[in-house]
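Below is my_file-v4.cif, which holds mmCIF, C-alpha atoms.
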```
data_work
loop_
_atom_site.label_atom_id
_atom_site.label_comp_id
_atom_site.auth_asym_id
_atom_site.auth_seq_id
_atom_site.Cartn_x
_atom_site.Cartn_y
_atom_site.Cartn_z
CA MET A 15 126.99 122.90 -27.47
CA LYS A 16 129.87 121.28 -29.32
CA PHE A 17 132.36 122.88 -26.94
CA THR A 18 130.42 121.51 -23.94
CA LYS A 19 130.56 117.95 -25.26
CA ILE A 20 134.30 118.12 -26.01
CA LEU A 21 135.27 119.70 -22.66
CA PRO A 22 135.22 116.50 -20.53
CA VAL A 23 137.50 114.73 -23.01
CA VAL A 24 139.94 117.65 -22.96
CA VAL A 25 139.92 117.70 -19.15
CA CYS A 26 140.61 113.92 -18.96
CA ALA A 27 143.49 114.25 -21.37
CA MET A 28 144.97 117.11 -19.34
CA VAL A 29 144.69 115.06 -16.13
CA LEU A 30 146.49 112.08 -17.71
CA VAL A 31 149.26 114.31 -19.02
CA ALA A 32 149.54 116.03 -15.65
CA CYS A 33 149.89 112.66 -13.89
CA ASN A 34 152.56 111.66 -16.43
CA LYS A 35 150.36 108.79 -17.61
CA PRO A 36 149.92 108.64 -21.39
CA ALA A 37 146.35 108.43 -22.62
CA GLY A 38 145.28 105.13 -24.05
CA GLU A 39 148.09 103.15 -22.39
CA LEU A 40 147.99 100.46 -19.70
CA VAL A 41 148.41 102.43 -16.49
CA GLY A 42 146.51 100.36 -13.89
CA VAL A 43 143.52 101.39 -11.82
CA SER A 44 145.23 103.19 -8.95
CA LYS A 45 148.50 104.80 -8.02
CA ALA A 46 151.08 102.36 -6.63
CA VAL A 47 152.01 103.26 -3.06
CA ALA A 48 154.66 101.90 -0.72
CA PHE A 49 152.93 99.64 1.83
CA GLN A 50 154.41 98.91 5.22
CA GLU A 51 152.40 96.54 7.41
CA ALA A 52 152.07 97.77 10.98
CA ASN A 53 153.60 95.56 13.66
CA PRO A 54 150.71 93.63 15.30
CA TYR A 55 150.58 94.17 19.06
CA GLY A 56 152.30 91.38 20.98
CA MET A 57 153.72 89.79 17.82
CA LEU A 58 157.23 89.54 16.39
CA PHE A 59 158.32 89.58 12.77
CA ILE A 60 159.79 86.26 11.65
CA LYS A 61 161.86 86.88 8.53
CA LYS A 62 161.75 84.51 5.59
CA GLY A 63 164.41 81.84 5.36
CA SER A 64 165.36 78.20 4.93
CA PHE A 65 166.09 75.47 7.46
CA MET A 66 166.51 71.72 7.78
CA MET A 67 163.09 70.43 8.84
CA GLY A 68 162.97 67.22 10.85
CA ALA A 69 164.20 65.56 14.03
CA ASN A 70 167.85 66.08 15.02
CA THR A 71 168.13 62.82 16.95
CA GLN A 72 166.74 59.30 16.86
CA SER A 73 163.23 58.94 18.21
CA ALA A 74 163.00 58.06 21.90
CA LEU A 75 159.71 56.31 21.16
CA PHE A 76 161.19 53.77 18.71
CA GLU A 77 159.25 55.31 15.82
CA GLN A 78 160.32 55.25 12.18
CA PRO A 79 162.11 58.61 11.78
CA ASP A 80 160.72 61.02 9.21
CA ASN A 81 162.98 62.34 6.46
CA GLU A 82 164.88 65.57 6.96
CA VAL A 83 164.13 68.08 4.22
CA MET A 84 165.37 71.55 3.40
CA ALA A 85 162.35 73.85 3.60
CA THR A 86 161.81 77.53 2.83
CA ILE A 87 159.36 79.63 4.83
CA GLU A 88 157.96 83.01 3.85
CA ALA A 89 157.87 85.82 6.39
CA PHE A 90 155.13 85.95 9.01
CA TRP A 91 154.19 87.44 12.35
CA MET A 92 154.08 85.26 15.49
CA ASP A 93 152.93 85.84 19.05
CA GLU A 94 155.85 86.60 21.33
CA THR A 95 154.44 84.23 23.97
CA GLU A 96 151.70 81.64 24.21
CA ILE A 97 148.17 83.03 24.51
CA THR A 98 147.65 83.79 28.20
CA ASN A 99 144.60 83.36 30.43
CA ASN A 100 144.24 87.13 30.35
CA GLU A 101 144.11 87.24 26.55
CA TYR A 102 141.77 84.27 26.23
CA ARG A 103 139.47 85.82 28.83
CA GLN A 104 139.05 88.78 26.48
CA PHE A 105 137.57 86.30 24.00
CA VAL A 106 135.34 84.73 26.68
CA ASN A 107 134.14 88.15 27.87
CA TRP A 108 133.37 89.26 24.31
CA VAL A 109 131.21 86.18 23.75
CA ARG A 110 129.49 86.72 27.12
CA ASP A 111 128.80 90.38 26.31
CA SER A 112 127.49 89.61 22.82
CA ILE A 113 125.00 87.14 24.31
CA ALA A 114 123.88 89.73 26.86
CA LEU A 115 123.43 92.44 24.23
CA ASN A 116 121.37 90.10 22.05
CA LEU A 117 119.14 89.18 24.99
CA LEU A 118 118.56 92.86 25.79
CA VAL A 119 117.68 93.62 22.15
CA GLU A 120 115.30 90.64 22.01
CA ALA A 121 113.64 91.98 25.15
CA GLY A 122 112.75 95.15 23.23
CA MET A 123 115.58 97.42 24.37
CA GLU A 124 116.56 98.77 20.96
CA GLU A 125 119.18 101.15 22.36
CA TYR A 126 121.52 98.15 22.53
CA ALA A 127 121.32 97.68 18.76
CA ILE A 128 122.13 99.61 15.61
CA MET A 129 119.35 98.87 13.16
CA SER A 130 119.97 98.27 9.47
CA GLU A 131 119.41 101.27 7.18
CA ASP A 132 117.69 98.98 4.69
CA GLU A 133 113.95 99.23 5.42
CA ASP A 134 113.32 95.88 3.72
CA GLU A 135 115.61 94.01 6.14
CA GLU A 136 114.94 93.72 9.86
CA THR A 137 118.58 93.21 10.81
CA TYR A 138 120.78 94.92 13.34
CA ARG A 139 124.30 95.17 14.69
CA LEU A 140 125.11 95.13 18.38
CA ASN A 141 125.80 98.53 19.89
CA TRP A 142 129.12 97.89 21.61
CA LYS A 143 129.33 101.49 22.78
CA LYS A 144 126.37 100.92 25.06
CA LYS A 145 127.40 99.74 28.53
CA ILE A 146 125.84 96.46 29.64
CA PRO A 147 123.88 96.98 32.89
CA TRP A 148 125.33 94.07 34.86
CA GLY A 149 123.79 93.90 38.34
CA SER A 150 121.04 96.40 37.53
CA PRO A 151 118.08 96.32 39.94
CA ASP A 152 115.71 97.00 37.03
CA GLU A 153 113.34 94.02 36.85
CA GLU A 154 113.04 94.14 33.08
CA ILE A 155 116.83 93.95 32.66
CA LYS A 156 117.14 91.21 35.29
CA GLU A 157 114.50 89.17 33.53
CA ALA A 158 116.19 89.63 30.14
CA LEU A 159 119.55 88.39 31.46
CA GLU A 160 118.13 85.71 33.76
CA SER A 161 118.90 82.83 31.38
CA MET A 162 122.64 83.58 31.61
CA TYR A 163 122.83 82.60 35.27
CA TYR A 164 122.22 79.59 37.45
CA SER A 165 119.39 79.63 40.02
CA ASP A 166 121.46 81.69 42.49
CA GLY A 167 121.29 84.60 40.03
CA LYS A 168 125.04 85.26 40.41
CA THR A 169 126.97 82.39 38.84
CA LEU A 170 127.36 82.65 35.07
CA LYS A 171 126.48 79.57 33.00
CA THR A 172 129.71 78.94 31.15
CA THR A 173 127.90 76.30 29.08
CA ILE A 174 126.03 79.01 27.15
CA LEU A 175 129.22 80.68 25.91
CA HIS A 176 128.98 79.68 22.26
CA TYR A 177 130.91 81.32 19.43
CA ARG A 178 129.37 81.17 15.96
CA TYR A 179 131.53 81.61 12.89
CA GLN A 180 132.05 80.38 9.35
CA TRP A 181 134.74 79.87 6.75
CA VAL A 182 135.13 78.84 3.11
CA ASN A 183 136.22 75.23 2.55
CA ILE A 184 139.05 75.81 0.09
CA ASP A 185 139.93 72.12 0.32
CA GLN A 186 136.62 71.34 -1.41
CA ALA A 187 137.09 74.04 -4.03
CA VAL A 188 140.45 72.65 -5.18
CA LEU A 189 139.22 69.09 -5.73
CA GLN A 190 139.65 68.10 -9.36
CA GLN A 191 135.98 67.10 -9.67
CA ASN A 192 134.99 70.56 -8.39
CA LYS A 193 137.37 72.57 -10.59
CA PHE A 194 135.75 75.79 -11.76
CA ASP A 195 135.54 75.92 -15.54
CA VAL A 196 136.69 79.42 -16.48
CA ALA A 197 135.78 78.87 -20.13
CA ILE A 198 132.06 78.70 -19.39
CA SER A 199 132.19 80.40 -15.97
CA THR A 200 130.56 77.65 -13.94
CA TYR A 201 131.27 74.63 -11.76
CA PRO A 202 131.10 71.20 -13.47
CA LYS A 203 127.85 69.28 -13.45
CA GLY A 204 127.54 67.04 -10.43
CA ALA A 205 130.05 69.02 -8.35
CA VAL A 206 129.45 68.47 -4.63
CA ALA A 207 130.98 70.25 -1.62
CA ARG A 208 131.38 68.42 1.69
CA VAL A 209 130.79 70.93 4.49
CA ASP A 210 129.66 71.03 8.10
CA THR A 211 126.81 72.89 9.73
CA SER A 212 126.00 73.46 13.41
CA TRP A 213 122.95 74.40 15.46
CA VAL A 214 121.86 74.51 19.09
CA ASN A 215 118.85 72.39 20.06
CA GLU A 216 116.17 73.12 22.66
CA ASN A 217 118.40 71.66 25.42
CA ASN A 218 121.23 74.10 24.60
CA GLU A 219 123.27 71.28 23.11
CA ILE A 220 125.51 71.97 20.11
CA CYS A 221 124.69 69.64 17.22
CA ASP A 222 126.88 69.09 14.16
CA SER A 223 126.12 67.53 10.83
CA THR A 224 128.06 66.92 7.62
CA LEU A 225 126.33 68.00 4.42
CA TYR A 226 126.99 67.07 0.79
CA ARG A 227 125.83 70.24 -0.92
CA PRO A 228 125.53 70.72 -4.71
CA LEU A 229 128.25 73.18 -5.69
CA ARG A 230 126.78 75.94 -7.83
CA GLU A 231 128.25 79.12 -6.34
CA PRO A 232 130.95 80.11 -3.79
CA LYS A 233 128.52 80.28 -0.85
CA ASP A 234 127.98 76.52 -1.19
CA LEU A 235 131.54 76.07 0.12
CA ILE A 236 130.80 77.70 3.48
CA THR A 237 131.00 75.73 6.72
CA LYS A 238 129.14 77.13 9.70
CA LYS A 239 130.41 76.22 13.14
CA ILE A 240 129.32 76.75 16.75
CA ILE A 241 131.94 76.17 19.45
CA ALA A 242 131.62 76.17 23.24
CA ILE A 243 134.63 78.30 24.08
CA TYR A 244 135.09 78.13 27.86
CA PRO A 245 138.25 76.16 28.80
CA ASP A 246 137.93 72.71 30.34
CA THR A 247 139.07 73.46 33.89
CA LEU A 248 138.46 69.86 35.01
CA CYS A 249 141.31 68.64 32.81
CA TRP A 250 143.66 69.26 35.75
CA VAL A 251 141.99 66.39 37.65
CA ARG A 252 140.89 64.24 34.72
CA ASP A 253 144.44 63.83 33.37
CA PHE A 254 146.05 63.34 36.80
CA GLN A 255 143.51 61.39 38.84
CA TYR A 256 145.89 60.38 41.61
CA SER A 257 147.20 63.89 42.13
CA TYR A 258 145.79 66.77 44.19
CA ASN A 259 145.21 69.49 41.58
CA ASP A 260 141.85 70.76 42.86
CA PRO A 261 143.14 74.33 43.42
CA MET A 262 144.04 74.53 39.71
CA VAL A 263 140.52 73.43 38.77
CA HIS A 264 138.95 76.26 40.74
CA LYS A 265 141.48 79.04 40.28
CA TYR A 266 143.75 78.60 37.25
CA PHE A 267 141.56 80.32 34.65
CA SER A 268 139.63 82.67 36.92
CA HIS A 269 142.07 83.97 39.57
CA PRO A 270 144.01 87.21 38.86
CA GLY A 271 147.19 85.51 40.05
CA TYR A 272 147.18 83.34 36.92
CA LEU A 273 146.45 86.09 34.38
CA GLU A 274 149.88 85.87 32.71
CA TYR A 275 150.01 82.08 32.68
CA PRO A 276 149.37 80.27 29.37
CA VAL A 277 145.77 79.24 28.81
CA VAL A 278 145.29 75.46 28.89
CA GLY A 279 142.32 73.11 28.71
CA VAL A 280 141.60 74.50 25.24
CA THR A 281 140.91 72.12 22.37
CA TRP A 282 142.28 72.60 18.86
CA GLU A 283 138.75 73.51 17.77
CA GLN A 284 138.53 76.23 20.44
CA ALA A 285 141.95 77.58 19.41
CA HIS A 286 140.74 77.66 15.80
CA ALA A 287 137.64 79.62 16.87
CA PHE A 288 139.82 82.04 18.88
CA CYS A 289 141.88 82.80 15.77
CA ASN A 290 138.70 83.56 13.80
CA TRP A 291 137.43 85.85 16.57
CA ARG A 292 140.79 87.62 16.81
CA THR A 293 140.70 88.31 13.08
CA GLN A 294 137.14 89.64 13.12
CA TYR A 295 137.78 91.68 16.26
CA TYR A 296 140.82 93.32 14.68
CA LEU A 297 139.08 94.07 11.38
CA SER A 298 136.06 95.55 13.16
CA ASN A 299 138.29 98.03 14.99
CA THR A 300 140.64 99.09 12.20
CA ARG A 301 140.49 99.97 8.52
CA GLU A 302 143.67 98.07 7.74
CA TRP A 303 143.15 95.01 5.53
CA VAL A 304 145.45 92.24 6.74
CA ASN A 305 145.78 88.47 6.59
CA ASP A 306 143.89 86.29 9.05
CA TYR A 307 145.20 85.22 12.42
CA ARG A 308 145.53 81.45 12.60
CA LEU A 309 147.47 78.62 14.18
CA PRO A 310 150.97 78.11 12.74
CA THR A 311 151.77 75.26 10.41
CA GLU A 312 154.21 72.86 12.03
CA ALA A 313 156.87 74.02 9.53
CA GLN A 314 156.36 77.64 10.60
CA TRP A 315 156.46 76.61 14.24
CA GLU A 316 159.69 74.61 13.84
CA TYR A 317 161.35 77.36 11.80
CA ALA A 318 160.40 79.94 14.43
CA ALA A 319 161.55 77.67 17.28
CA ARG A 320 165.00 77.27 15.72
CA GLY A 321 165.38 81.05 15.78
CA GLY A 322 167.18 81.26 12.44
CA ARG A 323 169.58 78.40 13.23
CA LYS A 324 169.32 75.75 10.53
CA MET A 325 170.25 72.77 12.72
CA ALA A 326 169.45 73.92 16.28
CA MET A 327 168.42 71.05 18.54
CA TYR A 328 166.73 73.33 21.10
CA PRO A 329 165.40 76.88 20.68
CA TRP A 330 168.28 78.25 22.74
CA GLY A 331 170.79 76.83 20.23
CA THR A 332 172.75 74.28 22.27
CA LYS A 333 172.55 70.50 22.61
CA TYR A 334 171.83 70.65 26.32
CA ALA A 335 168.86 71.62 28.48
CA ARG A 336 170.88 73.71 30.93
CA ASP A 337 173.75 76.19 30.88
CA GLU A 338 177.29 76.00 32.21
CA LYS A 339 176.07 77.01 35.68
CA GLY A 340 173.58 74.16 35.78
CA CYS A 341 170.49 76.37 35.30
CA PHE A 342 167.75 74.98 33.09
CA PHE A 343 166.67 76.81 29.94
CA ALA A 344 162.95 75.94 30.14
CA ASN A 345 160.10 74.66 32.29
CA PHE A 346 159.88 70.88 31.87
CA LYS A 347 160.31 67.65 33.89
CA PRO A 348 164.00 67.20 34.72
CA TYR A 349 165.22 64.00 36.29
CA ARG A 350 162.64 61.69 37.92
CA GLY A 351 159.82 63.86 39.17
CA ALA A 352 161.95 66.81 40.28
CA TYR A 353 159.56 69.24 38.59
CA ASN A 354 160.65 72.30 40.56
CA ASP A 355 164.37 72.01 39.79
CA ASP A 356 163.78 74.38 36.87
CA THR A 357 161.87 76.76 39.25
CA GLY A 358 158.48 75.70 37.85
CA THR A 359 156.24 72.91 39.11
CA THR A 360 153.37 73.00 36.62
CA THR A 361 152.81 75.96 34.29
CA MET A 362 154.64 79.23 34.87
CA ARG A 363 154.13 82.84 33.88
CA VAL A 364 155.08 83.32 30.25
CA ALA A 365 158.45 84.84 29.33
CA GLN A 366 160.30 83.68 32.47
CA TYR A 367 163.21 82.22 30.49
CA ARG A 368 165.35 83.99 27.94
CA PRO A 369 163.95 84.09 24.37
CA ASN A 370 165.44 82.47 21.29
CA ASP A 371 167.25 84.43 18.58
CA PHE A 372 163.95 85.58 17.04
CA GLY A 373 162.88 86.98 20.42
CA LEU A 374 160.20 84.32 20.98
CA PHE A 375 159.61 83.08 24.52
CA ASP A 376 158.73 79.55 25.66
CA MET A 377 159.10 77.80 22.32
CA ALA A 378 160.17 74.83 24.44
CA GLY A 379 158.54 73.80 27.70
CA ASN A 380 155.84 75.43 29.85
CA VAL A 381 153.01 74.22 27.59
CA ALA A 382 153.06 72.32 24.32
CA GLU A 383 151.39 74.18 21.45
CA TRP A 384 148.72 73.34 18.89
CA THR A 385 149.58 73.79 15.22
CA CYS A 386 147.10 73.87 12.34
CA SER A 387 148.75 70.83 10.75
CA SER A 388 147.28 67.34 10.69
CA TYR A 389 149.44 64.49 11.94
CA GLN A 390 150.85 61.72 9.81
CA PRO A 391 154.02 59.81 10.79
CA MET A 392 155.89 60.51 7.52
CA THR A 393 154.66 63.97 6.58
CA ASN A 394 158.01 65.31 5.34
CA THR A 395 158.08 62.71 2.58
CA ASN A 396 155.05 64.22 0.86
CA VAL A 397 154.93 67.96 1.60
CA HIS A 398 156.32 70.68 -0.64
CA ASP A 399 159.65 72.27 0.24
CA LEU A 400 158.17 75.79 -0.01
CA ASN A 401 155.93 76.63 2.96
CA PRO A 402 155.35 72.91 3.67
CA ASP A 403 152.05 71.98 5.26
CA TYR A 404 149.73 69.03 5.56
CA SER A 405 146.32 70.17 6.79
CA TYR A 406 142.97 68.46 6.81
CA MET A 407 139.80 70.01 8.20
CA ALA A 408 138.19 66.93 9.74
CA ARG A 409 134.40 66.79 9.66
CA LYS A 410 132.03 65.43 12.28
CA ASP A 411 131.72 61.97 10.73
CA ASP A 412 135.43 61.49 9.97
CA PRO A 413 137.31 58.72 11.84
CA ASP A 414 139.50 59.78 14.77
CA ILE A 415 142.71 59.08 12.87
CA LEU A 416 141.90 62.11 10.69
CA LYS A 417 141.36 64.30 13.74
CA ARG A 418 144.96 64.14 14.97
CA LYS A 419 146.68 67.55 15.09
CA VAL A 420 150.39 68.15 15.52
CA ILE A 421 151.56 69.61 18.82
CA ARG A 422 155.07 70.95 19.33
CA GLY A 423 157.44 72.21 22.00
CA GLY A 424 156.90 69.93 24.98
CA SER A 425 155.47 71.02 28.31
CA TRP A 426 155.99 71.23 32.05
CA LYS A 427 155.25 67.51 32.44
CA ASP A 428 157.50 66.30 29.58
CA ILE A 429 161.11 65.17 29.57
CA SER A 430 163.68 67.19 27.64
CA TYR A 431 163.40 65.02 24.50
CA PHE A 432 160.02 66.57 23.67
CA LEU A 433 161.48 70.08 23.96
CA GLN A 434 163.61 69.60 20.84
CA CYS A 435 162.71 71.78 17.86
CA GLY A 436 162.26 68.85 15.50
CA VAL A 437 160.29 66.49 17.75
CA ARG A 438 156.61 66.18 16.93
CA THR A 439 153.67 64.42 18.51
CA TYR A 440 149.90 64.79 18.31
CA GLU A 441 146.61 65.11 20.12
CA TYR A 442 143.03 64.74 18.90
CA GLN A 443 141.42 68.04 17.94
CA TYR A 444 138.54 67.59 20.39
CA GLU A 445 140.75 66.85 23.43
CA SER A 446 141.71 69.40 26.10
CA ARG A 447 144.81 69.01 28.24
CA PRO A 448 146.36 70.94 31.15
CA TYR A 449 149.68 70.97 29.29
CA ILE A 450 148.63 72.17 25.79
CA GLY A 451 148.15 75.81 24.81
CA PHE A 452 148.73 77.75 21.59
CA ARG A 453 149.95 80.92 19.95
CA CYS A 454 148.86 82.64 16.74
CA VAL A 455 150.59 83.66 13.53
CA ARG A 456 149.65 86.03 10.72
CA ALA A 457 151.08 85.91 7.21
CA TYR A 458 153.15 88.96 6.27
CA ILE A 459 152.05 91.07 3.30
CA GLY A 460 154.96 91.61 0.92
CA ASP A 461 158.51 90.30 0.67
#
```

Transcribe the structure of this file into structure tokens.
Amino acid sequence: MKFTKILPVVVCAMVLVACNKPAGELVGVSKAVAFQEANPYGMLFIKKGSFMMGANTQSALFEQPDNEVMATIEAFWMDETEITNNEYRQFVNWVRDSIALNLLVEAGMEEYAIMSEDEDEETYRLNWKKKIPWGSPDEEIKEALESMYYSDGKTLKTTILHYRYQWVNIDQAVLQQNKFDVAISTYPKGAVARVDTSWVNENNEICDSTLYRPLREPKDLITKKIIAIYPDTLCWVRDFQYSYNDPMVHKYFSHPGYLEYPVVGVTWEQAHAFCNWRTQYYLSNTREWVNDYRLPTEAQWEYAARGGRKMAMYPWGTKYARDEKGCFFANFKPYRGAYNDDTGTTTMRVAQYRPNDFGLFDMAGNVAEWTCSSYQPMTNTNVHDLNPDYSYMARKDDPDILKRKVIRGGSWKDISYFLQCGVRTYEYQYESRPYIGFRCVRAYIGD
């Protein structure tokens, strides 16, 4: 009996000695392994570095110029091109299919769900391996999916394409009055978190409300959001009322000929939702634990646009918008209305011009790009010089001045001034334009 009780201790000691880890010493909980993050598909590695952040020339808009500051950026991944119609349609189709699967499950077709193993909870996951019976003549299936279509039974209601997601409001957690007291392991008395919540009413309208929730545990910091994710195709006419752009309204997002064109008509809020979906979609299909996809900070965007050149005026590295042969470097508005002199009239297929030194395409022209950063005229004066960023997650009841988001890069309808790496402007986070798109970044794990 005594031998039996001592045996496990002897075995443990032998294992520690065998692993060259002395018993009773601080050895950690697991063996350290070399980690190499896999290259995300369609993204390029942007190495860490420093650059001079700020405009290279005087503002053409007679604005007070912001200060130039030396900033250091840690390594990250960035999309090689702007998000295309083809890629955004994957998001739209996923939302459409998730709605269809839910409707089929609610109609009693349990083969389209994977039920929870917990008998006390009536929850389920969608069975994505089950093919959705689009166009099935089965009356039960047709009735289940009927609410997704208009009265003709063929045209999909794009207004029902809602994406539901949530995130933790770190900005509320770091407020001094909400500082977690590690000594007593609790939040201070009277701590309140300001968060948003969303719901859909009986008329299929998305409603938002700002809550002031007592902060007692981490879940009280969660904001829940519902976003209508279909692009605003009417922006082509709304923004250019005395211009015939009707073909773009009807075909730009839906026709195969525009698959590799940058998606436009997407608000900052829709781009933010896309990044969340892209993260969840990736994590649900791989076991690799990585950082979230998100919009770039304006410092990341400017650093990437300069392509490793500390003082580059344009992404291609020169002070001019065309080369020695007179060919333009990007798709923008040269001269007075001669849009097609650069071979593009409105948007063009991505990657039609040569990339910058990081290998990134269209960092100037084609479409301007959303960043995650909030706009203030003199941001550089206040931000840190390491990974600088000024971000504010505006709530429903905030004034519009707090809903301005920085856009960078210029577009097909802009003059060359807006194509400069250091030039910044803004748009409201709820606005959609036919000249604004976006690309994603993902923080790199390691040095």

| task | Taking (158.2, 75.2, 13.3) in the file's own coordinates, collect the residues within 12 Å, counting only C-alpha atoms, and hand them back as a PyMOL selection string. | result | chain A and resi 60+64-69+85-87+90+92+309-324+326+328-329+377-378+383-387+401-403+420-423+434-438+455

| request: Return as an NGL selection string the set of residues that the PyMOL selection byres ((chain A and resi 248) around 9) yields on the displayed structure. | output: :A and (245-247 or 249-253 or 260 or 262-264 or 279 or 448)

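Computed from the coordinates, the CA of Asn396 (chain A) to CA of Lys193 (chain A) distance equals 22.7 Å.
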
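Ranking A:Tyr440, A:Phe375, A:Tyr353, A:Tyr266 by their shortest atom-to-atom distance to Asn100 (chain A), with only C-alpha atoms included, puts A:Tyr266 first.
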
| Which of these residues is nearest to Tyr179 (chain A), using only C-alpha atoms: A:Phe372, A:Tyr244, A:Phe288, A:Tyr258? | A:Phe288

| request: Would you write out, as an MDAnalysis selection string, every residue that the PyMOL selection byres ((chain A and resi 111) around 12) captures in this file? | output: chainID A and resid 103:110 112:118 126 140:148 159 162 170 174:177

Keeping only C-alpha atoms, take the residues you just selected and write them out as an mmCIF file, in the frame of the given file.
```cif
data_model
loop_
_atom_site.group_PDB
_atom_site.id
_atom_site.type_symbol
_atom_site.label_atom_id
_atom_site.label_comp_id
_atom_site.auth_asym_id
_atom_site.auth_seq_id
_atom_site.Cartn_x
_atom_site.Cartn_y
_atom_site.Cartn_z
ATOM 1 C CA ARG A 103 139.470 85.820 28.830
ATOM 2 C CA GLN A 104 139.050 88.780 26.480
ATOM 3 C CA PHE A 105 137.570 86.300 24.000
ATOM 4 C CA VAL A 106 135.340 84.730 26.680
ATOM 5 C CA ASN A 107 134.140 88.150 27.870
ATOM 6 C CA TRP A 108 133.370 89.260 24.310
ATOM 7 C CA VAL A 109 131.210 86.180 23.750
ATOM 8 C CA ARG A 110 129.490 86.720 27.120
ATOM 9 C CA SER A 112 127.490 89.610 22.820
ATOM 10 C CA ILE A 113 125.000 87.140 24.310
ATOM 11 C CA ALA A 114 123.880 89.730 26.860
ATOM 12 C CA LEU A 115 123.430 92.440 24.230
ATOM 13 C CA ASN A 116 121.370 90.100 22.050
ATOM 14 C CA LEU A 117 119.140 89.180 24.990
ATOM 15 C CA LEU A 118 118.560 92.860 25.790
ATOM 16 C CA TYR A 126 121.520 98.150 22.530
ATOM 17 C CA LEU A 140 125.110 95.130 18.380
ATOM 18 C CA ASN A 141 125.800 98.530 19.890
ATOM 19 C CA TRP A 142 129.120 97.890 21.610
ATOM 20 C CA LYS A 143 129.330 101.490 22.780
ATOM 21 C CA LYS A 144 126.370 100.920 25.060
ATOM 22 C CA LYS A 145 127.400 99.740 28.530
ATOM 23 C CA ILE A 146 125.840 96.460 29.640
ATOM 24 C CA PRO A 147 123.880 96.980 32.890
ATOM 25 C CA TRP A 148 125.330 94.070 34.860
ATOM 26 C CA LEU A 159 119.550 88.390 31.460
ATOM 27 C CA MET A 162 122.640 83.580 31.610
ATOM 28 C CA LEU A 170 127.360 82.650 35.070
ATOM 29 C CA ILE A 174 126.030 79.010 27.150
ATOM 30 C CA LEU A 175 129.220 80.680 25.910
ATOM 31 C CA HIS A 176 128.980 79.680 22.260
ATOM 32 C CA TYR A 177 130.910 81.320 19.430
#
```

| query | Which neighbours of Asn380 (chain A) fall inside 12 Å, counting only C-alpha atoms, when residues of the same chain fewer than 6 positions from it are skipped, and could you give them as a PyMOL selection string? | reply | chain A and resi 95-96+98+275-278+343-347+353+356-367+422-430+432-433+448-452

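The nearest approach to Thr211 (chain A) among the residues A:Ala335, A:Ala37, A:Glu51, A:Lys410, with only C-alpha atoms taken into account, belongs to A:Lys410.
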
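Our summary of the geometry notes that CA of Asn305 (chain A) is positioned 22.5 Å from CA of Ile241 (chain A).
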
| field | Selection: 10 Å around Ile415 (chain A), only C-alpha atoms, excl. self and same-chain fewer than 2 positions, as a ChimeraX atom specification | value | /A:388-390,408,412-413,417-419,442

| message | Please report the interatomic distance between CA of Leu297 (chain A) and CA of Lys233 (chain A) in Å with one decimal. | response | 21.2 Å

| field | Contact residues around Tyr458 (chain A) with all atoms listed in the file at 12 Å, ignoring same-chain residues under 3 positions, as a ChimeraX atom specification | value | /A:49-54,57-62,87-92,303-307,455,461

When the PyMOL selection byres ((chain A and resi 395) around 9) is applied to the file above, which residues end up in the set, as a PDB file with C-alpha atoms, keeping the file's coordinate frame?
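What follows is the written file part_36.pdb:
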```pdb
ATOM      1  CA  ASP A  80     160.720  61.020   9.210  1.00  0.00           C
ATOM      2  CA  ASN A  81     162.980  62.340   6.460  1.00  0.00           C
ATOM      3  CA  GLU A  82     164.880  65.570   6.960  1.00  0.00           C
ATOM      4  CA  VAL A  83     164.130  68.080   4.220  1.00  0.00           C
ATOM      5  CA  MET A 392     155.890  60.510   7.520  1.00  0.00           C
ATOM      6  CA  THR A 393     154.660  63.970   6.580  1.00  0.00           C
ATOM      7  CA  ASN A 394     158.010  65.310   5.340  1.00  0.00           C
ATOM      8  CA  ASN A 396     155.050  64.220   0.860  1.00  0.00           C
ATOM      9  CA  VAL A 397     154.930  67.960   1.600  1.00  0.00           C
ATOM     10  CA  HIS A 398     156.320  70.680  -0.640  1.00  0.00           C
TER      11      HIS A 398
END
```

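Restricting the calculation to only C-alpha atoms, the smallest distance between Arg453 (chain A) and any of A:Glu120, A:Glu216, A:Asp376, A:Asp337 is found for A:Asp376.
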
| task | Rank nothing, just name the residue among A:Gln191, A:Thr200, A:Ser268, A:Thr439 nearest to Glu231 (chain A), using all atoms listed in the file. | result | A:Thr200
